[in-house]
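Structure first, then comments.
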Amino acid sequence: MPHAVSGAVVKVYRRFFLGGQKWTAYIVGPKSKHLVHEGEHKGGTCSYYDGKIYISSDQSAEQREDYFLHEVLHALIWLCGRGKFFAEDKLEEDFVVAMTPHLHRFLKDLGFEFPKVPS
Ligand SMILES: [Zn+2]
């Protein structure tokens, strides 16, 4: 596990495209300012307009995959026009929280492997 560096990006987890936009997922220290959302520290966050996902280094591989998938789902909903589907942020969050473990399990059953954190 990489050591926690407060506020610093520890490493690039993965670069990818969603809806033609270039995205980057970063592994950051658990105290990173990038993990603060609405005043609370989270295990993962998503910054839509600059195409960035931040995931805390302070997690197991399984949790990290869950956070990555969770944030990618938020990004996909945003790309599809979130306001068309969810009248409030809480509804979207509840949907993403409910969907993530099922999608995670399904992808693993298909043989999908999440990227490893580069050493
Ligand atoms: Zn969420």
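Every chain in the structure tokens takes a letter, A first, then B, and so on in the order presented; its residues are numbered from 1, and the ligands are numbered from 1 following the presented order.
For ligand 1, the protein and nucleic acid residues at most 9 Å away, judged by only C-alpha atoms and all ligand atoms, amount to Gly44, Thr45, Cys46, Tyr67, His70, Glu71, Leu73, His74, Lys90, Glu92, Glu93, Asp94, Phe95, Val96 and Val97 of chain A.
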Inset, instruction - Please run DSSP on the backbone and report, as number ranges by chain, all residues within chain A that come out as alpha helix (DSSP H). - result: A: 61-79, 82-85, 89-109
Inset, instruction - Go through A:Ser57, A:Ser119, A:Gln63, A:Ser47 one by one, measure the shortest atom-to-atom distance of each to Gly29 (chain A) using only C-alpha atoms, and give the residue with the smallest value. - result: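 Closest to Gly29 (chain A), using only C-alpha atoms: A:Ser57.
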Legend entry - Straight-line distance linking CA of Ser56 (chain A) with CA of Phe85 (chain A), stated in Å to one decimal: 28.3 Å
Legend entry - Exercise: Phe17 (chain A) partners within 12 Å, only C-alpha atoms, chain neighbours under 5 positions left out, as an MDAnalysis selection string: chainID A and resid 22:25 51:52 72 75:76 79
Legend entry - Shell of 8 Å around Asp66 (chain A), only C-alpha atoms, local chain residues under 4 positions omitted, as a list in words: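 Everything that qualifies: Glu62, His70, Thr100, Pro101 and His104 of chain A.
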Store the residues picked out above, limited to C-alpha atoms, as a PDB file, in the first residue's frame.
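Result file result.pdb:
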```
ATOM      1  CA  GLU A  62     -11.847  -4.921  -3.184  1.00  0.00           C
ATOM      2  CA  HIS A  70     -19.064   3.731  -7.835  1.00  0.00           C
ATOM      3  CA  THR A 100     -22.288  -0.923  -7.391  1.00  0.00           C
ATOM      4  CA  PRO A 101     -21.974  -4.298  -5.563  1.00  0.00           C
ATOM      5  CA  HIS A 104     -18.948  -5.445  -9.324  1.00  0.00           C
TER       6      HIS A 104
END
```
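Between Phe16 (chain A) and the candidates A:Val28, A:Cys80, A:Leu35, A:Ile53, the tightest atom-to-atom separation, counting only C-alpha atoms, involves A:Ile53.
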Inset, instruction - May I have all residues of region 11-72 of chain A that DSSP, computed from the backbone, assigns to strand (DSSP E), given as JSON, numbers by chain? - result: {"A": [11, 12, 13, 14, 15, 16, 17, 18, 21, 22, 23, 24, 25, 26, 27, 28, 36, 37, 40, 41, 44, 45, 46, 47, 52, 53, 54, 55, 56]}
